[in-house]
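Report on the structure given below.
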Amino acid sequence: MPTIRPETEADIPAVRTVYQRAFETPAEASLVDALRARRAGILSLVAELDGAVTGHIFFSAVEIKWPHGVFEAAGLAPMAVLPEFQNQGIGSALVRRGLEELRRMRLPAVIVLGHPEFYPRFGFAPASRWGIRFPLEVPDAAFMTLELQPGALQGVSGVAHFQPEFDLLT
């Protein structure tokens, strides 16, 4: 099993390689670079195996705008694992460690637009359960949230807005 640790400046080239190899386009790699350059991250972790970076996960601030103001949460995105290390538990280890750290940081909730077969194992459920929507049309099962602090989302509803760098993906 890999070591999960905070990303360092020395990891940046390896992290970029992870995204370039894990995705068909460079969009996710560019997204991480842009978020990092603006210091928009809340938490950035790498998975390291035998001294090599094999995976990465990034969390940034998300604002849920609703009639009573703005509710701040964390957004999980992006995450990637080198193709030859996928389906070996590295992505799950990154998610688990990330959620532990966010709980320790006392963040109230996490939002993700991702695979509905993967994220529910960590407690994520459709965000529509709380009346939280993505600004674009997406499948209900793919847009999910997780309360890190029990009851944190009680009474919260509205549209979730990720960092502006996510516009690079559209």
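Ordering of the structure tokens sets the chain letters (A, B, ...); residue numbers start at 1 within each chain; ligands are numbered from 1 in the order shown.
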
Inset, instruction - Extract, using only C-alpha atoms, all DNA, RNA and protein residues at most 12 Å from Ile90 in chain A, discarding same-chain residues fewer than 3 positions from it, and format them as a VMD selection string. - result: chain A and resid 1 to 4 45 to 49 53 to 57 79 to 87 93 to 97

What are the nearest atom pairs, with distances in Å to one decimal, for all residues of range 53-137 of chain A that come at most 6 Å from range 145-169 of chain A, using only C-alpha atoms, set out by chain and rising residue number as a tab-separated table?
residue	atom	partner	partner_atom	distance
A:Val62	CA	A:Phe162	CA	4.7
A:Glu63	CA	A:His161	CA	5.2
A:Ile64	CA	A:Ala160	CA	4.2
A:Lys65	CA	A:Gly158	CA	5.4
A:Trp66	CA	A:Gly158	CA	4.6
A:Arg103	CA	A:Leu148	CA	5.8
A:Pro108	CA	A:Gln149	CA	5.0
A:Ala109	CA	A:Glu147	CA	4.4
A:Val110	CA	A:Leu146	CA	5.3
A:Ile111	CA	A:Thr145	CA	4.3
A:Phe124	CA	A:Leu146	CA	4.7
A:Ala125	CA	A:Thr145	CA	5.7
A:Ala127	CA	A:Thr145	CA	5.1
A:Trp130	CA	A:Ser157	CA	5.9
A:Gly131	CA	A:Ser157	CA	4.6
A:Ile132	CA	A:Ser157	CA	4.9
A:Arg133	CA	A:Val159	CA	4.7
A:Phe134	CA	A:Ala160	CA	5.5

Go ahead and write the residues just picked, C-alpha atoms, as a PDB file, in the first residue's frame.
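In the end it all went to again.pdb:
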ATOM      1  CA  VAL A  62     -16.743  25.310  -3.063  1.00  0.00           C
ATOM      2  CA  GLU A  63     -19.446  27.853  -2.309  1.00  0.00           C
ATOM      3  CA  ILE A  64     -23.083  26.845  -2.097  1.00  0.00           C
ATOM      4  CA  LYS A  65     -25.040  29.990  -2.797  1.00  0.00           C
ATOM      5  CA  TRP A  66     -28.513  30.000  -1.311  1.00  0.00           C
ATOM      6  CA  ARG A 103     -12.487  16.395   9.238  1.00  0.00           C
ATOM      7  CA  PRO A 108     -18.333  20.881   7.238  1.00  0.00           C
ATOM      8  CA  ALA A 109     -18.861  18.984   3.957  1.00  0.00           C
ATOM      9  CA  VAL A 110     -17.313  17.772   0.706  1.00  0.00           C
ATOM     10  CA  ILE A 111     -18.827  17.900  -2.781  1.00  0.00           C
ATOM     11  CA  PHE A 124     -21.216  10.280  -0.400  1.00  0.00           C
ATOM     12  CA  ALA A 125     -24.868  10.563  -1.455  1.00  0.00           C
ATOM     13  CA  ALA A 127     -26.409  16.232  -3.378  1.00  0.00           C
ATOM     14  CA  TRP A 130     -30.022  18.349   0.443  1.00  0.00           C
ATOM     15  CA  GLY A 131     -31.330  20.428  -2.455  1.00  0.00           C
ATOM     16  CA  ILE A 132     -27.801  21.184  -3.660  1.00  0.00           C
ATOM     17  CA  ARG A 133     -27.404  21.521  -7.422  1.00  0.00           C
ATOM     18  CA  PHE A 134     -24.529  21.751  -9.887  1.00  0.00           C
TER      19      PHE A 134
END

Inset, instruction - To one decimal in Å, tell me the separation between CA of Ala142 in chain A and CA of His115 in chain A. - result: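 CA of His115 in chain A lies 5.8 Å from CA of Ala142 in chain A.
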
Legend entry - Top pick for closest residue to Phe143 in chain A, considering A:Arg5, A:Arg36, A:Arg129, A:Arg21 and counting only C-alpha atoms: A:Arg129

Give me, as a compact mmCIF listing (two decimals) with N, CA, C and O atoms, in the first residue's frame, all polymer residues having an atom no more than 10 Å from Glu28 in chain A, counting only C-alpha atoms and skipping those fewer than 2 positions away in the same chain.
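around.txt, written as the output of this step:
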# COMPACT_ATOMS: atom_id res chain seq x y z
N ARG A 16 1.82 16.19 -12.43
CA ARG A 16 1.38 16.53 -13.79
C ARG A 16 1.40 15.28 -14.67
O ARG A 16 0.47 15.02 -15.43
N VAL A 18 1.06 12.19 -13.71
CA VAL A 18 -0.05 11.31 -13.31
C VAL A 18 -1.32 11.70 -14.06
O VAL A 18 -2.00 10.84 -14.64
N TYR A 19 -1.64 12.99 -14.09
CA TYR A 19 -2.86 13.44 -14.77
C TYR A 19 -2.77 13.27 -16.28
O TYR A 19 -3.74 12.87 -16.92
N GLN A 20 -1.62 13.53 -16.85
CA GLN A 20 -1.46 13.38 -18.30
C GLN A 20 -1.63 11.93 -18.72
O GLN A 20 -2.19 11.65 -19.78
N ALA A 22 -3.31 9.57 -16.89
CA ALA A 22 -4.59 9.02 -16.43
C ALA A 22 -5.78 9.51 -17.26
O ALA A 22 -6.82 8.85 -17.29
N PHE A 23 -5.63 10.65 -17.92
CA PHE A 23 -6.74 11.23 -18.69
C PHE A 23 -6.34 11.38 -20.15
O PHE A 23 -5.17 11.49 -20.49
N GLU A 24 -7.35 11.42 -21.01
CA GLU A 24 -7.12 11.51 -22.46
C GLU A 24 -6.66 12.88 -22.92
O GLU A 24 -6.05 13.01 -23.97
N THR A 25 -6.99 13.91 -22.14
CA THR A 25 -6.60 15.28 -22.50
C THR A 25 -5.79 15.87 -21.36
O THR A 25 -5.85 15.37 -20.22
N PRO A 26 -5.08 16.97 -21.60
CA PRO A 26 -4.31 17.61 -20.52
C PRO A 26 -5.15 18.52 -19.62
O PRO A 26 -4.60 19.20 -18.76
N SER A 30 -3.79 20.64 -16.34
CA SER A 30 -3.80 22.11 -16.38
C SER A 30 -4.65 22.69 -15.26
O SER A 30 -4.31 23.74 -14.70
N LEU A 31 -5.74 22.01 -14.92
CA LEU A 31 -6.59 22.46 -13.82
C LEU A 31 -5.81 22.48 -12.51
O LEU A 31 -5.83 23.46 -11.77
N VAL A 32 -5.10 21.39 -12.22
CA VAL A 32 -4.32 21.32 -10.98
C VAL A 32 -3.26 22.42 -10.98
O VAL A 32 -3.07 23.11 -9.97
N ASP A 33 -2.58 22.60 -12.10
CA ASP A 33 -1.56 23.65 -12.19
C ASP A 33 -2.16 25.03 -11.92
O ASP A 33 -1.59 25.84 -11.19
N ALA A 34 -3.32 25.29 -12.50
CA ALA A 34 -3.97 26.60 -12.34
C ALA A 34 -4.44 26.82 -10.90
O ALA A 34 -4.27 27.91 -10.34
N ALA A 77 -11.72 17.36 -6.27
CA ALA A 77 -11.47 17.30 -7.72
C ALA A 77 -10.23 18.10 -8.03
O ALA A 77 -10.05 19.19 -7.48
N PRO A 78 -9.43 17.58 -8.88
CA PRO A 78 -9.52 16.25 -9.47
C PRO A 78 -8.75 15.22 -8.63
O PRO A 78 -8.11 15.55 -7.64
N MET A 79 -8.85 13.97 -9.07
CA MET A 79 -8.10 12.87 -8.49
C MET A 79 -7.67 11.97 -9.64
O MET A 79 -8.43 11.76 -10.58
N ALA A 80 -6.46 11.44 -9.54
CA ALA A 80 -5.97 10.54 -10.59
C ALA A 80 -4.95 9.56 -10.02
O ALA A 80 -4.26 9.87 -9.04
N PHE A 166 -12.15 25.63 -12.84
CA PHE A 166 -12.89 24.47 -13.34
C PHE A 166 -13.54 24.74 -14.68
O PHE A 166 -13.88 23.82 -15.40
N LEU A 168 -11.99 25.52 -17.15
CA LEU A 168 -11.05 24.94 -18.12
C LEU A 168 -11.54 23.58 -18.63
O LEU A 168 -11.16 23.15 -19.71
N LEU A 169 -12.35 22.91 -17.81
CA LEU A 169 -12.81 21.56 -18.18
C LEU A 169 -14.00 21.56 -19.12
O LEU A 169 -14.34 20.52 -19.66
